[in-house]
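*Asks:* The structure that follows is given in the form of structure tokens.
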Amino acid sequence: MRPRHRAHPGTGPVLFGLLAALLLIGPRGQAQDAPAGADAGPAPVVLRDEVDLRVAKAGPGGRTRAGDWGGILVEFRDSALEPREIVLRLTGYDRDGDPPEYDRVVVGDPERARTAWMYAKLPYPENAARVTITAHEAIESADAPGGLGYRAGRVLGRTWVDSTRLVAPEYGLLGVVGSRDFGLRRYATALTSSIECLPLGHEHTEVVTGLTDDDLPDRWQGLLPYDVIVWGRGVDPTTLGPERARALIEWIRRGGHFIVVLPPVGQEWTVSARNPLSQVMPAMRVDRRENASLEPYRALLTLSRDATLPRDSVVHVFTPAPDAGPLEAMAVLAGPDGGCVVMRRLFGDGMVTVVGLDLAAGGLVASGTLKAEAFWHRVLGRRHSLESYQEIHDRDPDQKLSSAIQQRAITDYDSDIENVIDRTGDASKGVLLGLVVFALYWLFAGPVGYLILGRTGQRSHAWLAFVALTALFTAAAWLGASALRPKHTGGNHLAFLDQIHGVAEQRARVWMSVLVPTYGDATIAVGDGGLAAEDLIAPWSPPPPVAAGGGFPDNRGYVLSARRPDAMTVPVRSTIKQVRVDWAGDNGWGTISPVRQPGDLDTAAIRLVNRDRGVLSGHVTHDLPGPLENVLLVVVAGQTDVFVTGRTPRWMPSHVYTDKVDLEKWNPGQPLDLGALTGGTPRAPNGAWFDKEALIGLPRAFTGQQSVRDANPDDRFTAISFAHMLGAPEFIQMQQKSGASPIVTERETHGLDLSRWFTQPCVIIVGQLVQDGGAPPAPITVNGKPLESKGRTVVRWVCPLDPAPPAVVANSP
């Protein structure tokens, strides 16, 4: 019940005077009509902001995801008589109640409006329905937080972002630059307006089309919510500019998949030295073929046997350059003549894929001939049917399937992060000590003490005994609390660590609870803090419905750079601060690597010796700081042959083999014989692991076994590495059993999916390393000192094999 507010005894006359004044003032603050001929007096003064602020867009094309890093383009116009520095501030969310303030210093211009990108970890709408952006007077200060050189003074203007209108945290994002969507809109197929997921799959993807170079942000974290960016017709890459080009390159290096669909004429991607993205393009030669028929590529483009295909198109055929490295030109798809029409380059942890077919020719998209399931599944690494609900309904005579797919329930595969990084064990020790001390005190100061005094005839000294016991147990409680109080800074973490064989860099995403056992301020940073630093750190709050923190009575904000947030100085109260870190750098923590046998002249230490059985040759070992557990080996032997089926393939378009490594622990330095592991009982490609075992931890209603909280979260951390390859539920059976089917979703692990690797031959090893101390996978420091942490790291290692594009068959067998 809310307390009633009482007015101060002396406020009555004041309130009466204010009421009288309000009666004399007309609506909207204007004076009442004056008698004819009387002076109406001066007009009321209306205060305006000195800096006019407006949100131009939230993310590329106005779309970015809630609960993730994102960019907000702010338009500002200063009313000052001459240019001056202004601090723009975006206030984020911290469950501790100390608001993170992402600051950027800009120069105001009284003659015209300017724009600036602001980057921040955006809140979930349930935590903060509005994100406030303010302009402040810039006060020069050598010790300004965030290294900005200025601190924020008085407020000059404000605006806000409605976080409820951002992309939902469960959705993936795919961006298309240019005026054509190339059939990619099919990935945005939703079951219903209220249940947005693939009708026959899982995660919903929002496809943002019509982007221009001006829509792209100037820092990579503004692109982080996007898994894939496709660049098509109508936008010249030479106009990108150095900052946006640098942001796009860094996004690719940190795991983004960038796809270029070459235009039929005037392409600048491979021939122009002015292309700022030339350094990440595949090292290849391009043969342009005019007046080419697309009929030979029917099986790559459509599921239809009789749809009309353009006969006078342009086809670009690619050949690796003579000096191309093994990762710089990898053929993905080829035509019937063996000519490569989709070429790929691996760059850092990401990919650049170039498409040589004119996917906008002859109305391929407008007529519905181009099918994403036929072409884009084999480029992106997707597997589910993209049929709409209406299409399913029309081909379902008894309506069993169309009825069953409407009963869906969301299952977050990354909902266990807080449980893994929480330090509740430390707090429980103190609580247990308090309970034990209180129980003993109550016994000895109460019935037990009274009984002892009675038997010894000392009841007259009861008060003295009570005071002595109080002092004794107070001292015991104080000594116990002092002994249990943490004395060293440390962390608990969950991390995903990625390494591509042949690439010198690693990538890690880390969620961590950092305990700082002091009071005051502490600086938590990631990376080396150099001028080229691109790593990210931000306060982390679990996704709803986890209850928000109650905060502290002395809440105060802290500043991060809105462009280079690699460090933050936060208030500490001998408690934990939960953070999220995105890092990329040298592989000093250790990795998995092939073992070359003595006298082996083969440059490839791992080879695929039998594609039909997924048999490998070679050995691998690792030098990680501990043993790996729950090791899974995935062999992608290549894509299945391409032929026109007239229907959507039910299984993934790859020869895939999975093996659980029969080791309780894979110790550092221990060689693992891949030939022995994969060359046993003859086997055929199968998706059983992705269809059954990977669907672990679903609610009891779905499996009849265990609930999502009771299941082992470690299995889901492995399964989420293949989010777009997880099997579709058995809808009808689940409806009969439980009434609903699951939608496997993620909110914190977007961008960690390895499914794109299923488009080319490779070996994937996923294992988990449990630390009881030592350095975490990413170099994190507290007050300049390296942080030690304990926790779990999901190690994912990918070894690309020799390219082997699938054969194109005219008709189905």
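Ordering of the structure tokens sets the chain letters (A, B, ...); residue numbers start at 1 within each chain; ligands are numbered from 1 in the order shown.
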Counting only C-alpha atoms, what are the residues of range 73-188 of chain A within 12 Å of range 230-245 of chain A, and for each of them which pair of atoms is the nearest and at what distance in Å, to one decimal? Sort the table by chain and rising number, as a Markdown table.
*Replies:*
| residue | atom | partner | partner_atom | distance |
| --- | --- | --- | --- | --- |
| A:Trp117 | CA | A:Arg244 | CA | 11.3 |
| A:Leu173 | CA | A:Val230 | CA | 11.5 |
| A:Leu174 | CA | A:Val230 | CA | 7.9 |
| A:Gly175 | CA | A:Val230 | CA | 6.2 |
| A:Val176 | CA | A:Val230 | CA | 4.7 |
| A:Val177 | CA | A:Trp231 | CA | 4.6 |
| A:Gly178 | CA | A:Gly232 | CA | 5.2 |
| A:Ser179 | CA | A:Gly234 | CA | 6.3 |
| A:Arg180 | CA | A:Arg233 | CA | 6.7 |
| A:Asp181 | CA | A:Gly232 | CA | 8.0 |
| A:Phe182 | CA | A:Gly232 | CA | 8.4 |
| A:Gly183 | CA | A:Val230 | CA | 11.5 |
| A:Leu184 | CA | A:Val230 | CA | 9.4 |
*Asks:* Once DSSP has gone over the backbone, tell me which residues of range 205-286 of chain A are in strand (DSSP E), as a PyMOL selection string.
*Replies:* chain A and resi 205-211+228-231+257-261+284-286
*Asks:* Can you pull out the residues contacting Trp589 in chain A? Cut-off 12 Å, using only C-alpha atoms, and skip same-chain residues under 3 positions away; I want them as a ChimeraX atom specification.
*Replies:* /A:497-499,505-508,584-586,592,622-626,774-779,793,795
*Asks:* Would you save the residues of that selection, restricted to N, CA and C atoms, as a PDB file, in the first residue's frame?
*Replies:*
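Listing of out.pdb after writing:
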ATOM      1  N   LEU A 497      34.837 -20.077 -27.378  1.00  0.00           N
ATOM      2  CA  LEU A 497      36.128 -19.759 -27.995  1.00  0.00           C
ATOM      3  C   LEU A 497      36.206 -20.438 -29.354  1.00  0.00           C
ATOM      4  N   ASP A 498      36.445 -19.656 -30.398  1.00  0.00           N
ATOM      5  CA  ASP A 498      36.487 -20.162 -31.771  1.00  0.00           C
ATOM      6  C   ASP A 498      37.890 -20.047 -32.347  1.00  0.00           C
ATOM      7  N   GLN A 499      38.286 -21.086 -33.087  1.00  0.00           N
ATOM      8  CA  GLN A 499      39.570 -21.085 -33.790  1.00  0.00           C
ATOM      9  C   GLN A 499      39.381 -21.761 -35.143  1.00  0.00           C
ATOM     10  N   GLU A 505      44.269 -15.989 -35.502  1.00  0.00           N
ATOM     11  CA  GLU A 505      43.487 -15.320 -34.471  1.00  0.00           C
ATOM     12  C   GLU A 505      42.419 -16.233 -33.900  1.00  0.00           C
ATOM     13  N   GLN A 506      42.001 -15.912 -32.686  1.00  0.00           N
ATOM     14  CA  GLN A 506      40.867 -16.545 -32.043  1.00  0.00           C
ATOM     15  C   GLN A 506      39.788 -15.504 -31.782  1.00  0.00           C
ATOM     16  N   ARG A 507      38.585 -16.004 -31.547  1.00  0.00           N
ATOM     17  CA  ARG A 507      37.484 -15.115 -31.161  1.00  0.00           C
ATOM     18  C   ARG A 507      36.814 -15.702 -29.942  1.00  0.00           C
ATOM     19  N   ALA A 508      36.436 -14.832 -29.001  1.00  0.00           N
ATOM     20  CA  ALA A 508      35.766 -15.307 -27.791  1.00  0.00           C
ATOM     21  C   ALA A 508      34.649 -14.361 -27.412  1.00  0.00           C
ATOM     22  N   ALA A 584      38.711 -10.557 -29.871  1.00  0.00           N
ATOM     23  CA  ALA A 584      39.411 -11.288 -30.924  1.00  0.00           C
ATOM     24  C   ALA A 584      40.879 -10.917 -30.850  1.00  0.00           C
ATOM     25  N   GLY A 585      41.760 -11.917 -30.999  1.00  0.00           N
ATOM     26  CA  GLY A 585      43.190 -11.640 -30.913  1.00  0.00           C
ATOM     27  C   GLY A 585      44.006 -12.893 -31.094  1.00  0.00           C
ATOM     28  N   ASP A 586      45.283 -12.806 -30.774  1.00  0.00           N
ATOM     29  CA  ASP A 586      46.206 -13.920 -30.943  1.00  0.00           C
ATOM     30  C   ASP A 586      45.816 -15.092 -30.052  1.00  0.00           C
ATOM     31  N   ILE A 592      43.305 -26.304 -30.497  1.00  0.00           N
ATOM     32  CA  ILE A 592      43.418 -27.639 -31.092  1.00  0.00           C
ATOM     33  C   ILE A 592      44.222 -27.501 -32.378  1.00  0.00           C
ATOM     34  N   HIS A 622      45.860 -30.887 -28.510  1.00  0.00           N
ATOM     35  CA  HIS A 622      45.586 -29.509 -28.100  1.00  0.00           C
ATOM     36  C   HIS A 622      46.522 -29.109 -26.980  1.00  0.00           C
ATOM     37  N   ASP A 623      46.729 -27.809 -26.842  1.00  0.00           N
ATOM     38  CA  ASP A 623      47.558 -27.256 -25.768  1.00  0.00           C
ATOM     39  C   ASP A 623      46.764 -26.282 -24.909  1.00  0.00           C
ATOM     40  N   LEU A 624      45.485 -26.564 -24.748  1.00  0.00           N
ATOM     41  CA  LEU A 624      44.622 -25.737 -23.917  1.00  0.00           C
ATOM     42  C   LEU A 624      44.992 -25.901 -22.445  1.00  0.00           C
ATOM     43  N   PRO A 625      44.578 -24.989 -21.570  1.00  0.00           N
ATOM     44  CA  PRO A 625      45.007 -25.045 -20.161  1.00  0.00           C
ATOM     45  C   PRO A 625      44.270 -26.074 -19.312  1.00  0.00           C
ATOM     46  N   GLY A 626      43.687 -27.087 -19.925  1.00  0.00           N
ATOM     47  CA  GLY A 626      42.995 -28.118 -19.173  1.00  0.00           C
ATOM     48  C   GLY A 626      42.394 -29.142 -20.118  1.00  0.00           C
ATOM     49  N   GLY A 774      42.844 -19.572 -13.109  1.00  0.00           N
ATOM     50  CA  GLY A 774      43.707 -19.247 -14.233  1.00  0.00           C
ATOM     51  C   GLY A 774      43.092 -18.177 -15.112  1.00  0.00           C
ATOM     52  N   ALA A 775      43.768 -17.889 -16.212  1.00  0.00           N
ATOM     53  CA  ALA A 775      43.322 -16.832 -17.115  1.00  0.00           C
ATOM     54  C   ALA A 775      42.132 -17.299 -17.937  1.00  0.00           C
ATOM     55  N   PRO A 776      41.132 -16.455 -18.128  1.00  0.00           N
ATOM     56  CA  PRO A 776      40.010 -16.796 -19.002  1.00  0.00           C
ATOM     57  C   PRO A 776      40.440 -16.722 -20.473  1.00  0.00           C
ATOM     58  N   PRO A 777      39.600 -17.171 -21.406  1.00  0.00           N
ATOM     59  CA  PRO A 777      39.992 -17.170 -22.820  1.00  0.00           C
ATOM     60  C   PRO A 777      40.294 -15.781 -23.375  1.00  0.00           C
ATOM     61  N   ALA A 778      39.644 -14.753 -22.865  1.00  0.00           N
ATOM     62  CA  ALA A 778      39.899 -13.389 -23.315  1.00  0.00           C
ATOM     63  C   ALA A 778      40.724 -12.668 -22.263  1.00  0.00           C
ATOM     64  N   PRO A 779      41.683 -11.829 -22.682  1.00  0.00           N
ATOM     65  CA  PRO A 779      42.517 -11.109 -21.709  1.00  0.00           C
ATOM     66  C   PRO A 779      41.749  -9.980 -21.030  1.00  0.00           C
ATOM     67  N   THR A 793      34.358 -23.141 -20.641  1.00  0.00           N
ATOM     68  CA  THR A 793      34.605 -22.609 -21.975  1.00  0.00           C
ATOM     69  C   THR A 793      34.224 -23.648 -23.015  1.00  0.00           C
ATOM     70  N   VAL A 795      34.847 -24.798 -26.437  1.00  0.00           N
ATOM     71  CA  VAL A 795      35.899 -24.653 -27.443  1.00  0.00           C
ATOM     72  C   VAL A 795      35.391 -25.227 -28.761  1.00  0.00           C
TER      73      VAL A 795
END
*Asks:* Tell me which protein, DNA and RNA residues are within 9 Å of Ala80 in chain A, counting only C-alpha atoms, leaving out same-chain ones fewer than 5 positions away, and put them as a list in words.
*Replies:*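 Counting only the stated atoms, we get Glu50, Val51, Gly108, Asp109 and Pro110 of chain A.
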*Asks:* Near range 567-573 of chain A, within 10 Å and counting only C-alpha atoms, which residues show up once chain neighbours fewer than 5 positions away are dropped, as number ranges by chain?
*Replies:* A: 96, 98-102, 145-147, 515-527, 529, 535-539, 552, 554-561, 780-783
*Asks:* Go through range 257-317 of chain A residue by residue and, counting only C-alpha atoms, keep those with an atom at most 12 Å from range 363-366 of chain A; for each kept residue give the shortest atom pair and its distance in Å to one decimal, ordered by chain and increasing number, as a tab-separated table.
*Replies:*
residue	atom	partner	partner_atom	distance
A:Leu294	CA	A:Leu364	CA	10.5
A:Arg298	CA	A:Leu364	CA	11.3
A:Leu301	CA	A:Leu364	CA	8.8
A:Thr302	CA	A:Leu364	CA	9.3
A:Ala307	CA	A:Leu364	CA	9.7
A:Thr308	CA	A:Leu364	CA	8.9
A:Leu309	CA	A:Leu364	CA	7.4
A:Pro310	CA	A:Leu364	CA	8.0
A:Arg311	CA	A:Leu364	CA	11.8
A:Ser313	CA	A:Leu364	CA	11.2
*Asks:* Just the selected residues (all heavy atoms), exported as a CSV table (one decimal), in the first residue's frame, please.
*Replies:*
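Below you can see again-v6.csv, which holds the result:
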chain,number,residue,atom,x,y,z
A,294,LEU,N,20.7,-19.7,-68.2
A,294,LEU,CA,20.7,-20.2,-66.8
A,294,LEU,C,20.1,-21.6,-66.7
A,294,LEU,O,20.1,-22.2,-65.6
A,294,LEU,CB,20.0,-19.3,-65.9
A,294,LEU,CG,20.6,-17.9,-65.7
A,294,LEU,CD1,19.8,-17.1,-64.7
A,294,LEU,CD2,22.0,-18.0,-65.3
A,298,ARG,N,19.7,-24.9,-63.5
A,298,ARG,CA,18.4,-25.0,-62.9
A,298,ARG,C,18.3,-25.6,-61.5
A,298,ARG,O,17.7,-25.1,-60.6
A,298,ARG,CB,17.5,-25.8,-63.9
A,298,ARG,CG,16.1,-26.2,-63.3
A,298,ARG,CD,15.3,-27.0,-64.3
A,298,ARG,NE,15.0,-26.2,-65.5
A,298,ARG,CZ,14.0,-25.4,-65.6
A,298,ARG,NH1,13.1,-25.3,-64.6
A,298,ARG,NH2,13.7,-24.8,-66.7
A,301,LEU,N,19.0,-23.2,-58.8
A,301,LEU,CA,18.2,-22.0,-58.7
A,301,LEU,C,16.8,-22.2,-58.2
A,301,LEU,O,16.2,-21.4,-57.6
A,301,LEU,CB,18.2,-21.2,-60.0
A,301,LEU,CG,19.6,-20.7,-60.5
A,301,LEU,CD1,19.4,-20.1,-61.9
A,301,LEU,CD2,20.1,-19.6,-59.5
A,302,THR,N,16.2,-23.4,-58.6
A,302,THR,CA,14.8,-23.6,-58.4
A,302,THR,C,14.5,-25.0,-58.0
A,302,THR,O,15.3,-25.9,-58.3
A,302,THR,CB,14.0,-23.2,-59.6
A,302,THR,OG1,12.6,-23.3,-59.4
A,302,THR,CG2,14.4,-24.1,-60.8
A,307,ALA,N,9.8,-24.5,-64.8
A,307,ALA,CA,9.8,-23.0,-64.8
A,307,ALA,C,10.8,-22.5,-65.8
A,307,ALA,O,11.8,-23.1,-66.1
A,307,ALA,CB,10.2,-22.5,-63.4
A,308,THR,N,10.4,-21.4,-66.5
A,308,THR,CA,11.2,-20.8,-67.5
A,308,THR,C,12.3,-20.0,-66.9
A,308,THR,O,12.1,-19.2,-66.0
A,308,THR,CB,10.3,-19.8,-68.4
A,308,THR,OG1,9.3,-20.6,-68.9
A,308,THR,CG2,11.2,-19.2,-69.5
A,309,LEU,N,13.6,-20.3,-67.4
A,309,LEU,CA,14.7,-19.6,-66.9
A,309,LEU,C,15.3,-18.7,-67.9
A,309,LEU,O,15.2,-19.0,-69.1
A,309,LEU,CB,15.8,-20.6,-66.5
A,309,LEU,CG,15.5,-21.5,-65.3
A,309,LEU,CD1,16.6,-22.5,-65.0
A,309,LEU,CD2,15.2,-20.7,-64.0
A,310,PRO,N,15.9,-17.6,-67.6
A,310,PRO,CA,16.5,-16.7,-68.6
A,310,PRO,C,17.6,-17.3,-69.4
A,310,PRO,O,18.4,-18.2,-69.0
A,310,PRO,CB,17.1,-15.6,-67.7
A,310,PRO,CG,16.4,-15.6,-66.4
A,310,PRO,CD,16.1,-17.1,-66.2
A,311,ARG,N,17.6,-17.0,-70.7
A,311,ARG,CA,18.5,-17.6,-71.7
A,311,ARG,C,19.6,-16.6,-72.2
A,311,ARG,O,20.4,-17.0,-73.0
A,311,ARG,CB,17.8,-18.2,-72.9
A,311,ARG,CG,16.8,-19.3,-72.4
A,311,ARG,CD,16.2,-20.0,-73.6
A,311,ARG,NE,15.4,-21.1,-73.2
A,311,ARG,CZ,15.9,-22.4,-73.0
A,311,ARG,NH1,17.2,-22.6,-73.1
A,311,ARG,NH2,15.0,-23.3,-72.6
A,313,SER,N,21.4,-14.3,-70.0
A,313,SER,CA,21.9,-13.7,-68.7
A,313,SER,C,23.5,-13.5,-68.8
A,313,SER,O,24.1,-13.8,-69.8
A,313,SER,CB,21.5,-14.6,-67.5
A,313,SER,OG,22.0,-14.0,-66.3
